[in-house]
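> So here's input.txt, just compact mmCIF, C-alpha atoms:
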```txt
# COMPACT_ATOMS: atom_id res chain seq x y z
CA MET A 27 176.89 38.68 107.56
CA LEU A 28 173.94 39.41 109.84
CA GLN A 29 175.35 42.73 110.99
CA GLN A 30 173.03 45.40 109.56
CA THR A 31 171.55 42.87 107.10
CA PRO A 32 168.23 40.95 107.37
CA VAL A 33 168.29 37.17 107.75
CA VAL A 34 166.32 36.65 104.53
CA ARG A 35 169.14 38.26 102.51
CA VAL A 36 171.91 36.50 104.40
CA LEU A 37 170.69 32.90 104.24
CA PRO A 38 171.39 32.10 100.55
CA VAL A 39 174.83 33.72 100.67
CA TRP A 40 175.64 31.98 103.95
CA HIS A 41 174.75 28.59 102.49
CA GLU A 42 176.94 29.27 99.45
CA TRP A 43 179.88 30.22 101.67
CA LEU A 44 179.56 27.10 103.82
CA GLU A 45 179.48 24.91 100.74
CA ARG A 46 182.53 26.58 99.27
CA TRP A 47 184.46 27.19 102.50
CA PRO A 48 183.34 24.77 105.22
CA THR A 49 186.39 25.57 107.35
CA PRO A 50 188.32 28.76 108.20
CA ALA A 51 191.38 27.29 106.50
CA GLY A 52 189.44 26.93 103.26
CA LEU A 53 188.54 30.61 103.22
CA ALA A 54 192.02 31.68 104.34
CA GLY A 55 193.54 29.76 101.43
CA GLU A 56 191.72 31.92 98.87
CA PRO A 57 192.61 35.51 97.87
CA ALA A 58 190.81 38.20 99.84
CA GLY A 59 189.20 39.34 96.58
CA GLU A 60 187.31 36.05 96.36
CA ALA A 61 185.66 36.80 99.69
CA VAL A 62 184.55 40.18 98.38
CA ARG A 63 183.35 38.61 95.12
CA SER A 64 181.31 35.97 96.96
CA TRP A 65 179.89 38.55 99.35
CA GLY A 66 177.40 39.41 96.62
CA ARG A 67 175.11 42.33 97.43
CA LEU A 68 175.04 41.99 101.20
CA GLY A 69 176.47 45.50 101.53
CA TYR A 70 179.34 46.83 103.64
CA PRO A 71 181.88 44.64 101.77
CA ARG A 72 184.63 45.51 104.24
CA ARG A 73 182.99 42.86 106.39
CA ALA A 74 184.09 40.31 103.79
CA LEU A 75 187.69 41.43 104.12
CA ARG A 76 187.51 41.20 107.90
CA LEU A 77 185.95 37.77 107.74
CA HIS A 78 188.77 36.64 105.46
CA ALA A 79 191.34 38.14 107.84
CA ALA A 80 189.64 36.41 110.78
CA ALA A 81 189.78 33.09 108.94
CA ALA A 82 193.51 33.61 108.36
CA ALA A 83 194.07 34.42 112.04
CA ILE A 84 192.08 31.36 113.13
CA THR A 85 194.13 29.19 110.79
CA GLU A 86 197.48 30.62 111.86
CA LYS A 87 196.93 31.11 115.60
CA HIS A 88 194.24 28.62 116.57
CA LYS A 89 195.02 25.60 114.37
CA GLY A 90 191.93 26.22 112.26
CA LYS A 91 189.42 26.06 115.13
CA VAL A 92 187.27 29.06 116.04
CA PRO A 93 188.34 30.03 119.59
CA ASP A 94 185.84 29.53 122.39
CA THR A 95 186.55 32.39 124.80
CA TYR A 96 185.37 35.97 124.65
CA THR A 97 188.92 37.36 124.90
CA GLU A 98 190.28 35.22 122.06
CA LEU A 99 187.28 35.90 119.86
CA LEU A 100 187.52 39.65 120.47
CA ALA A 101 191.12 39.58 119.24
CA LEU A 102 190.07 38.35 115.79
CA PRO A 103 189.89 40.93 112.97
CA GLY A 104 186.42 42.40 112.56
CA VAL A 105 185.02 40.83 115.73
CA GLY A 106 183.50 43.29 118.19
CA SER A 107 182.17 42.90 121.70
CA TYR A 108 178.69 41.73 120.67
CA THR A 109 179.93 39.14 118.16
CA ALA A 110 182.52 37.78 120.58
CA ALA A 111 179.92 37.43 123.34
CA ALA A 112 177.33 35.88 121.00
CA VAL A 113 179.71 33.25 119.60
CA ALA A 114 181.04 32.36 123.05
CA ALA A 115 177.49 32.03 124.40
CA PHE A 116 175.58 30.39 121.56
CA ALA A 117 178.33 28.27 120.00
CA TYR A 118 180.19 27.28 123.16
CA GLY A 119 177.65 27.64 125.96
CA ARG A 120 179.59 30.22 127.95
CA ARG A 121 178.09 32.79 130.30
CA GLU A 122 178.47 36.10 128.46
CA THR A 123 176.41 39.27 128.39
CA VAL A 124 174.94 39.35 124.89
CA VAL A 125 173.32 42.68 124.01
CA ASP A 126 171.87 43.21 120.54
CA THR A 127 169.16 45.61 119.34
CA ASN A 128 166.34 43.26 120.30
CA ILE A 129 167.66 42.63 123.81
CA ARG A 130 168.22 46.36 124.35
CA ARG A 131 164.61 47.10 123.38
CA VAL A 132 163.19 44.45 125.73
CA HIS A 133 165.29 45.73 128.61
CA ALA A 134 164.29 49.33 127.86
CA ARG A 135 160.57 48.55 127.97
CA LEU A 136 160.40 45.78 130.52
CA VAL A 137 162.78 47.26 133.10
CA SER A 138 163.41 50.93 132.31
CA GLY A 139 159.92 51.86 131.12
CA THR A 140 161.01 53.58 127.90
CA ALA A 141 159.68 52.89 124.41
CA LEU A 142 163.12 52.52 122.83
CA PRO A 143 166.69 52.24 124.08
CA ALA A 144 169.13 55.10 123.59
CA PRO A 145 170.38 55.61 120.01
CA ALA A 146 173.77 54.20 121.02
CA LEU A 147 174.60 51.47 123.52
CA THR A 148 175.41 52.89 126.95
CA ALA A 149 177.42 51.62 129.90
CA ALA A 150 174.25 51.69 131.99
CA GLU A 151 172.57 49.30 129.54
CA MET A 152 175.49 46.88 129.76
CA ARG A 153 175.35 46.98 133.56
CA LEU A 154 171.61 46.29 133.48
CA ALA A 155 172.05 43.37 131.08
CA ALA A 156 174.82 41.90 133.25
CA SER A 157 172.69 42.22 136.38
CA LEU A 158 169.80 40.30 134.78
CA LEU A 159 171.95 37.43 133.47
CA PRO A 160 171.54 34.11 135.36
CA ALA A 161 174.66 32.97 137.20
CA ALA A 162 174.99 29.49 135.68
CA ASP A 163 176.20 28.88 132.13
CA ALA A 164 173.26 26.96 130.64
CA PRO A 165 170.48 29.20 132.03
CA SER A 166 172.41 32.30 130.94
CA VAL A 167 172.59 31.03 127.35
CA ARG A 168 168.85 30.25 127.36
CA TRP A 169 168.15 33.69 128.86
CA ASN A 170 170.10 35.48 126.15
CA ALA A 171 168.34 33.49 123.43
CA ALA A 172 164.90 33.96 124.98
CA VAL A 173 165.19 37.73 125.44
CA MET A 174 166.57 38.10 121.91
CA GLU A 175 163.65 36.12 120.45
CA LEU A 176 161.15 38.05 122.55
CA GLY A 177 162.44 41.29 121.04
CA ALA A 178 162.58 39.91 117.51
CA LEU A 179 159.10 38.32 117.46
CA LEU A 180 156.90 40.15 119.98
CA CYS A 181 158.53 43.24 121.49
CA THR A 182 159.19 44.74 118.08
CA ALA A 183 160.13 48.36 117.47
CA ARG A 184 157.05 49.55 115.58
CA ALA A 185 154.18 47.21 116.44
CA PRO A 186 154.81 45.28 119.65
CA LYS A 187 152.45 42.34 120.26
CA CYS A 188 151.93 43.09 123.92
CA GLY A 189 148.85 40.88 124.19
CA ALA A 190 150.94 37.80 123.39
CA CYS A 191 153.91 38.77 125.56
CA PRO A 192 154.54 36.32 128.43
CA VAL A 193 155.81 39.10 130.72
CA ASN A 194 153.42 41.93 129.80
CA ASP A 195 152.17 42.11 133.40
CA LEU A 196 155.72 42.95 134.52
CA CYS A 197 156.43 45.54 131.81
CA ALA A 198 157.38 48.97 133.18
CA TRP A 199 156.58 50.61 129.84
CA ARG A 200 153.00 49.34 129.82
CA ALA A 201 152.61 50.26 133.49
CA ALA A 202 153.68 53.81 132.60
CA GLY A 203 150.96 54.06 129.93
CA GLU A 204 153.23 53.23 126.96
CA PRO A 205 154.88 56.67 126.64
CA PRO A 206 156.12 57.50 123.12
CA PRO A 207 159.82 57.34 122.29
CA SER A 208 161.97 60.38 122.92
CA TYR A 209 163.33 60.24 119.36
CA ILE A 210 162.35 58.89 115.95
CA PRO A 211 164.82 56.32 114.54
CA LYS A 212 166.10 57.28 111.12
CA GLY A 213 167.48 54.85 108.59
CA GLN A 214 170.71 55.54 106.78
CA ALA A 215 170.43 57.42 103.51
CA TRP A 216 171.40 55.45 100.42
CA HIS A 217 170.38 57.05 97.12
CA GLY A 218 172.93 59.55 95.91
CA THR A 219 175.45 58.76 98.64
CA ASP A 220 179.10 57.77 98.32
CA ARG A 221 178.08 54.38 99.72
CA GLN A 222 175.79 53.79 96.77
CA VAL A 223 178.53 54.69 94.29
CA ARG A 224 181.07 52.49 96.10
CA GLY A 225 178.63 49.60 95.97
CA ALA A 226 178.08 50.10 92.25
CA VAL A 227 181.83 50.12 91.60
CA VAL A 228 182.34 46.94 93.64
CA ALA A 229 179.52 45.30 91.66
CA VAL A 230 181.52 45.98 88.48
CA LEU A 231 184.76 44.62 89.95
CA ARG A 232 183.06 41.44 91.19
CA LEU A 233 182.23 40.43 87.62
CA ALA A 234 185.40 41.69 85.96
CA GLU A 235 187.77 39.03 84.67
CA GLU A 236 190.52 41.59 84.06
CA PRO A 237 191.44 44.95 85.63
CA VAL A 238 188.88 47.60 84.69
CA PRO A 239 190.42 50.78 83.18
CA ALA A 240 189.66 53.96 85.11
CA GLU A 241 188.14 55.65 82.07
CA MET A 242 185.50 52.93 81.90
CA PHE A 243 184.06 54.14 85.20
CA HIS A 244 183.94 57.74 83.97
CA HIS A 245 182.69 57.21 80.41
CA GLU A 246 180.07 55.09 78.72
CA PRO A 247 181.61 52.10 76.85
CA ALA A 248 180.08 53.35 73.59
CA ASP A 249 181.99 56.62 73.97
CA LEU A 250 185.24 54.70 74.44
CA GLY A 251 184.73 52.60 71.33
CA PHE A 252 184.89 49.17 72.96
CA ALA A 253 182.54 46.96 74.99
CA PRO A 254 183.48 45.55 78.40
CA ALA A 255 183.65 41.77 78.80
CA GLY A 256 181.09 40.46 81.28
CA ILE A 257 180.54 43.72 83.17
CA GLY A 258 178.08 45.50 80.92
CA VAL A 259 175.08 45.22 83.27
CA PRO A 260 176.70 46.51 86.50
CA LEU A 261 178.64 49.13 84.55
CA ALA A 262 175.44 50.43 83.00
CA ALA A 263 173.87 50.55 86.48
CA LEU A 264 176.83 52.60 87.71
CA HIS A 265 176.50 55.10 84.87
CA ARG A 266 172.76 55.45 85.49
CA LEU A 267 173.61 56.98 88.85
CA ASN A 268 175.01 60.03 87.00
CA SER A 269 177.53 60.56 89.78
CA ALA A 270 179.64 63.69 89.78
CA PRO A 271 183.24 63.00 88.73
CA GLU A 272 184.54 63.98 92.15
CA GLN A 273 182.14 61.58 93.88
CA LEU A 274 183.27 58.73 91.67
CA GLU A 275 186.90 59.60 92.38
CA ARG A 276 186.16 59.56 96.12
CA ALA A 277 184.58 56.15 95.76
CA LEU A 278 187.53 54.72 93.86
CA ALA A 279 190.06 56.25 96.26
CA GLY A 280 188.10 54.99 99.25
CA LEU A 281 187.98 51.44 97.89
CA LEU A 282 191.74 51.50 97.38
CA ALA A 283 192.32 52.88 100.89
CA ASP A 284 190.05 50.24 102.45
CA GLY A 285 191.72 47.38 100.61
CA LEU A 286 188.59 46.52 98.64
CA ALA A 287 190.29 47.27 95.33
CA GLU A 288 193.80 47.52 93.98
CA LEU A 289 195.48 48.95 90.91
CA HIS A 290 196.95 46.47 88.46
CA ASP A 291 198.06 46.97 84.87
CA GLY A 292 196.52 50.42 84.83
CA GLY A 293 193.09 49.30 86.00
CA TYR A 294 191.10 48.44 89.10
CA ARG A 295 190.46 44.94 90.37
CA LEU A 296 189.48 43.14 93.57
CA PRO A 297 192.41 42.44 95.91
CA ALA A 298 194.49 39.43 94.99
```
The structure in this file should be written as structure tokens.

Amino acid sequence: MLQQTPVVRVLPVWHEWLERWPTPAGLAGEPAGEAVRSWGRLGYPRRALRLHAAAAAITEKHKGKVPDTYTELLALPGVGSYTAAAVAAFAYGRRETVVDTNIRRVHARLVSGTALPAPALTAAEMRLAASLLPAADAPSVRWNAAVMELGALLCTARAPKCGACPVNDLCAWRAAGEPPPSYIPKGQAWHGTDRQVRGAVVAVLRLAEEPVPAEMFHHEPADLGFAPAGIGVPLAALHRLNSAPEQLERALAGLLADGLAELHDGGYRLPA
């Protein structure tokens, strides 16, 4: 849930999930569509499908217990190198090289003397992180957590609090005169994109009690002569986007291809 999503948005949804599905088996026992429905507006709903698939794998292959090694975690659907390392380190106390955005930024400034890390994670960064990691399990876990917090709270991207930094006298970036970054980070576009339309369609499907006819996505309910049950608000929001017909078709086709929607009785619904 925290991938590409701020903590403040994740917390309420996370609490709801833990109350509803306190164990992997509980989530695995529900249809995949329920995971998407309960994902709310966290964005990137394919993550919900992968989390559901991971819960099923944990239930079937690991007797319902989240595995504790990097290799086993990495084999779960939707789990990448960072997540596998983070869970192994922070949940199970194992020595793993955890490298997130905050840790990369601290390493870039403190050791490499650059304002920001490269736009994409490099092999050199992984080697640097591994070389800095303490040899013993417990200190390595504390190191990962400490560097991550340093980046999140003090060594921030836009306004670093260097005066409060406990290692500012060792910082290669400050010693170099705080040179500016070699590039300007750009956020992902949203308004007018296929992602926005896909999100609006999923918002309709989350509230739909029955399959939604295709024509309802393309035409205002008033033009069709009947009112939708329970989906009026998200459907109106979708129509306010004034998407081109071909963009809407791409969104619907993409949701089907990604398993986030399925056709049933001539309409679209979340996966069963």
> Looking at only C-alpha atoms, which of A:Val193, A:Val238, A:Leu68, A:Leu158 is the one that sits closest to Tyr294 of chain A?
A:Val238
> Just how far from atom CA of Leu231 of chain A is atom CA of Glu86 of chain A, in Å to one decimal?
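Value for the atom CA of Glu86 of chain A-atom CA of Leu231 of chain A distance: 28.9 Å.
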> Leaving out Ser157 of chain A and any residue of its chain fewer than 6 positions from it, which residues lie within 12 Å of it when counting only C-alpha atoms, given as a list in words?
Glu122, Thr123, His133, Val137, Ala150, Glu151 and Ser166 of chain A
> What does the structure give for the distance between atom CA of Ala144 of chain A and atom CA of Gln222 of chain A, in Å to one decimal?
27.7 Å
> Closest to Val113 of chain A among A:Glu246, A:Asp284, A:Glu56, A:Asp94, using all atoms listed in the file?
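Of the candidates, the smallest distance to Val113 of chain A is held by A:Asp94.
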> Identify, on the basis of all atoms listed in the file, every residue whose closest approach to Ala183 of chain A does not exceed 12 Å; exclude the query and any residue fewer than 2 positions from it along the same chain; express the result as a PyMOL selection string.
chain A and resi 127-132+134-135+140-143+176-181+185-188+206-207+210-211
> Show which residues sit within 9 Å of Ala61 of chain A, as an mmCIF file with C-alpha atoms, keeping the file's coordinate frame. Count only C-alpha atoms, and ignore same-chain residues fewer than 5 positions away.

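Heads up, here's the output in result_27.cif:
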```
data_model
loop_
_atom_site.group_PDB
_atom_site.id
_atom_site.type_symbol
_atom_site.label_atom_id
_atom_site.label_comp_id
_atom_site.auth_asym_id
_atom_site.auth_seq_id
_atom_site.Cartn_x
_atom_site.Cartn_y
_atom_site.Cartn_z
ATOM 1 C CA TRP A 43 179.880 30.220 101.670
ATOM 2 C CA LEU A 53 188.540 30.610 103.220
ATOM 3 C CA GLU A 56 191.720 31.920 98.870
ATOM 4 C CA PRO A 71 181.880 44.640 101.770
ATOM 5 C CA ALA A 74 184.090 40.310 103.790
ATOM 6 C CA LEU A 75 187.690 41.430 104.120
ATOM 7 C CA LEU A 77 185.950 37.770 107.740
ATOM 8 C CA HIS A 78 188.770 36.640 105.460
#
```
> Quick one: everything within 9 Å of Met27 of chain A, counting all atoms listed in the file, minus sequence neighbours fewer than 4 positions away in the same chain. Send it as a PyMOL selection string.
chain A and resi 31-33+36+39-40+65+68+73-74
> How would the residues just picked look written out with C-alpha atoms as an mmCIF file, in the frame of the given file?

```cif
data_model
loop_
_atom_site.group_PDB
_atom_site.id
_atom_site.type_symbol
_atom_site.label_atom_id
_atom_site.label_comp_id
_atom_site.auth_asym_id
_atom_site.auth_seq_id
_atom_site.Cartn_x
_atom_site.Cartn_y
_atom_site.Cartn_z
ATOM 1 C CA THR A 31 171.550 42.870 107.100
ATOM 2 C CA PRO A 32 168.230 40.950 107.370
ATOM 3 C CA VAL A 33 168.290 37.170 107.750
ATOM 4 C CA VAL A 36 171.910 36.500 104.400
ATOM 5 C CA VAL A 39 174.830 33.720 100.670
ATOM 6 C CA TRP A 40 175.640 31.980 103.950
ATOM 7 C CA TRP A 65 179.890 38.550 99.350
ATOM 8 C CA LEU A 68 175.040 41.990 101.200
ATOM 9 C CA ARG A 73 182.990 42.860 106.390
ATOM 10 C CA ALA A 74 184.090 40.310 103.790
#
```
> Report the distance between atom CA of Tyr209 of chain A and atom CA of Met174 of chain A in Å, rounded to one decimal place.
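It comes out at 22.5 Å.
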> Quick one: residues within 10 Å of Thr49 of chain A, only C-alpha atoms counted, chain neighbours fewer than 3 positions away excluded, as a count of residues only?
13
> Using only C-alpha atoms, which residue out of A:Gly139, A:Lys87, A:Arg121, A:Arg295 lies closest to Arg232 of chain A?
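Looking at the shortest contact to Arg232 of chain A, the residue is A:Arg295.
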> What residues have an atom no more than 10 Å from (184.7, 40.9, 116.3) in the file's own frame, counting all atoms listed in the file, and can you write them as a ChimeraX atom specification?
/A:76-77,80,96,98-111,113
> Around all of segment 54-64 of chain A's listed atoms, make the axis-aligned box with 4 Å on each side and tell me centre and edge lengths in Å to one decimal, as JSON.

```
{"center_x": 187.4, "center_y": 35.0, "center_z": 99.7, "size_x": 20.2, "size_y": 18.4, "size_z": 17.2}
```
> With N, CA and C atoms as the target, complete segment 129-163 of chain A and hand it back as a PDB file, in the frame of the given file.

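Writing done, so here's result-v3.pdb:
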```pdb
ATOM      1  N   ILE A 129     167.509  42.739 122.364  1.00  0.00           N
ATOM      2  CA  ILE A 129     167.660  42.630 123.810  1.00  0.00           C
ATOM      3  C   ILE A 129     167.613  44.016 124.446  1.00  0.00           C
ATOM      4  N   ARG A 130     168.249  44.997 123.821  1.00  0.00           N
ATOM      5  CA  ARG A 130     168.220  46.360 124.350  1.00  0.00           C
ATOM      6  C   ARG A 130     166.783  46.880 124.428  1.00  0.00           C
ATOM      7  N   ARG A 131     165.985  46.600 123.405  1.00  0.00           N
ATOM      8  CA  ARG A 131     164.610  47.100 123.380  1.00  0.00           C
ATOM      9  C   ARG A 131     163.767  46.435 124.466  1.00  0.00           C
ATOM     10  N   VAL A 132     163.932  45.132 124.671  1.00  0.00           N
ATOM     11  CA  VAL A 132     163.190  44.450 125.730  1.00  0.00           C
ATOM     12  C   VAL A 132     163.570  45.012 127.087  1.00  0.00           C
ATOM     13  N   HIS A 133     164.855  45.180 127.327  1.00  0.00           N
ATOM     14  CA  HIS A 133     165.290  45.730 128.610  1.00  0.00           C
ATOM     15  C   HIS A 133     164.753  47.145 128.810  1.00  0.00           C
ATOM     16  N   ALA A 134     164.763  47.947 127.750  1.00  0.00           N
ATOM     17  CA  ALA A 134     164.290  49.330 127.860  1.00  0.00           C
ATOM     18  C   ALA A 134     162.827  49.369 128.277  1.00  0.00           C
ATOM     19  N   ARG A 135     162.002  48.532 127.661  1.00  0.00           N
ATOM     20  CA  ARG A 135     160.570  48.550 127.970  1.00  0.00           C
ATOM     21  C   ARG A 135     160.257  47.825 129.275  1.00  0.00           C
ATOM     22  N   LEU A 136     160.763  46.630 129.390  1.00  0.00           N
ATOM     23  CA  LEU A 136     160.400  45.780 130.520  1.00  0.00           C
ATOM     24  C   LEU A 136     160.907  46.342 131.845  1.00  0.00           C
ATOM     25  N   VAL A 137     162.151  46.844 131.852  1.00  0.00           N
ATOM     26  CA  VAL A 137     162.780  47.260 133.100  1.00  0.00           C
ATOM     27  C   VAL A 137     162.812  48.780 133.263  1.00  0.00           C
ATOM     28  N   SER A 138     163.205  49.477 132.194  1.00  0.00           N
ATOM     29  CA  SER A 138     163.410  50.930 132.310  1.00  0.00           C
ATOM     30  C   SER A 138     162.170  51.743 132.009  1.00  0.00           C
ATOM     31  N   GLY A 139     161.171  51.153 131.382  1.00  0.00           N
ATOM     32  CA  GLY A 139     159.920  51.860 131.120  1.00  0.00           C
ATOM     33  C   GLY A 139     159.963  52.834 129.970  1.00  0.00           C
ATOM     34  N   THR A 140     160.919  52.685 129.062  1.00  0.00           N
ATOM     35  CA  THR A 140     161.010  53.580 127.900  1.00  0.00           C
ATOM     36  C   THR A 140     160.665  52.814 126.636  1.00  0.00           C
ATOM     37  N   ALA A 141     160.146  53.538 125.643  1.00  0.00           N
ATOM     38  CA  ALA A 141     159.680  52.890 124.410  1.00  0.00           C
ATOM     39  C   ALA A 141     160.821  52.295 123.607  1.00  0.00           C
ATOM     40  N   LEU A 142     161.966  52.980 123.594  1.00  0.00           N
ATOM     41  CA  LEU A 142     163.120  52.520 122.830  1.00  0.00           C
ATOM     42  C   LEU A 142     164.390  52.768 123.644  1.00  0.00           C
ATOM     43  N   PRO A 143     165.413  51.965 123.426  1.00  0.00           N
ATOM     44  CA  PRO A 143     166.690  52.240 124.080  1.00  0.00           C
ATOM     45  C   PRO A 143     167.340  53.479 123.489  1.00  0.00           C
ATOM     46  N   ALA A 144     168.405  53.938 124.102  1.00  0.00           N
ATOM     47  CA  ALA A 144     169.130  55.100 123.590  1.00  0.00           C
ATOM     48  C   ALA A 144     169.651  54.809 122.180  1.00  0.00           C
ATOM     49  N   PRO A 145     169.874  55.844 121.370  1.00  0.00           N
ATOM     50  CA  PRO A 145     170.380  55.610 120.010  1.00  0.00           C
ATOM     51  C   PRO A 145     171.674  54.806 119.963  1.00  0.00           C
ATOM     52  N   ALA A 146     172.523  54.953 120.964  1.00  0.00           N
ATOM     53  CA  ALA A 146     173.770  54.200 121.020  1.00  0.00           C
ATOM     54  C   ALA A 146     173.855  53.456 122.350  1.00  0.00           C
ATOM     55  N   LEU A 147     174.471  52.291 122.324  1.00  0.00           N
ATOM     56  CA  LEU A 147     174.600  51.470 123.520  1.00  0.00           C
ATOM     57  C   LEU A 147     175.346  52.220 124.610  1.00  0.00           C
ATOM     58  N   THR A 148     174.816  52.180 125.833  1.00  0.00           N
ATOM     59  CA  THR A 148     175.410  52.890 126.950  1.00  0.00           C
ATOM     60  C   THR A 148     175.978  51.919 127.968  1.00  0.00           C
ATOM     61  N   ALA A 149     176.860  52.438 128.828  1.00  0.00           N
ATOM     62  CA  ALA A 149     177.420  51.620 129.900  1.00  0.00           C
ATOM     63  C   ALA A 149     176.334  51.172 130.866  1.00  0.00           C
ATOM     64  N   ALA A 150     175.350  52.046 131.094  1.00  0.00           N
ATOM     65  CA  ALA A 150     174.250  51.690 131.990  1.00  0.00           C
ATOM     66  C   ALA A 150     173.470  50.494 131.451  1.00  0.00           C
ATOM     67  N   GLU A 151     173.263  50.437 130.132  1.00  0.00           N
ATOM     68  CA  GLU A 151     172.570  49.300 129.540  1.00  0.00           C
ATOM     69  C   GLU A 151     173.350  48.007 129.731  1.00  0.00           C
ATOM     70  N   MET A 152     174.664  48.069 129.566  1.00  0.00           N
ATOM     71  CA  MET A 152     175.490  46.880 129.760  1.00  0.00           C
ATOM     72  C   MET A 152     175.435  46.414 131.219  1.00  0.00           C
ATOM     73  N   ARG A 153     175.434  47.364 132.151  1.00  0.00           N
ATOM     74  CA  ARG A 153     175.350  46.980 133.560  1.00  0.00           C
ATOM     75  C   ARG A 153     173.996  46.330 133.860  1.00  0.00           C
ATOM     76  N   LEU A 154     172.932  46.876 133.286  1.00  0.00           N
ATOM     77  CA  LEU A 154     171.610  46.290 133.480  1.00  0.00           C
ATOM     78  C   LEU A 154     171.555  44.877 132.926  1.00  0.00           C
ATOM     79  N   ALA A 155     172.058  44.693 131.704  1.00  0.00           N
ATOM     80  CA  ALA A 155     172.050  43.370 131.080  1.00  0.00           C
ATOM     81  C   ALA A 155     172.840  42.366 131.917  1.00  0.00           C
ATOM     82  N   ALA A 156     173.982  42.790 132.428  1.00  0.00           N
ATOM     83  CA  ALA A 156     174.820  41.900 133.250  1.00  0.00           C
ATOM     84  C   ALA A 156     174.106  41.530 134.544  1.00  0.00           C
ATOM     85  N   SER A 157     173.370  42.489 135.113  1.00  0.00           N
ATOM     86  CA  SER A 157     172.690  42.220 136.380  1.00  0.00           C
ATOM     87  C   SER A 157     171.525  41.253 136.215  1.00  0.00           C
ATOM     88  N   LEU A 158     170.943  41.177 135.034  1.00  0.00           N
ATOM     89  CA  LEU A 158     169.800  40.300 134.780  1.00  0.00           C
ATOM     90  C   LEU A 158     170.225  38.883 134.377  1.00  0.00           C
ATOM     91  N   LEU A 159     171.475  38.704 134.015  1.00  0.00           N
ATOM     92  CA  LEU A 159     171.950  37.430 133.470  1.00  0.00           C
ATOM     93  C   LEU A 159     172.025  36.371 134.573  1.00  0.00           C
ATOM     94  N   PRO A 160     171.422  35.182 134.381  1.00  0.00           N
ATOM     95  CA  PRO A 160     171.540  34.110 135.360  1.00  0.00           C
ATOM     96  C   PRO A 160     173.000  33.739 135.621  1.00  0.00           C
ATOM     97  N   ALA A 161     173.276  33.224 136.797  1.00  0.00           N
ATOM     98  CA  ALA A 161     174.660  32.970 137.200  1.00  0.00           C
ATOM     99  C   ALA A 161     175.271  31.748 136.531  1.00  0.00           C
ATOM    100  N   ALA A 162     174.463  30.724 136.259  1.00  0.00           N
ATOM    101  CA  ALA A 162     174.990  29.490 135.680  1.00  0.00           C
ATOM    102  C   ALA A 162     175.056  29.587 134.163  1.00  0.00           C
ATOM    103  N   ASP A 163     175.968  28.808 133.571  1.00  0.00           N
ATOM    104  CA  ASP A 163     176.200  28.880 132.130  1.00  0.00           C
ATOM    105  C   ASP A 163     174.953  28.577 131.313  1.00  0.00           C
TER     106      ASP A 163
END
```
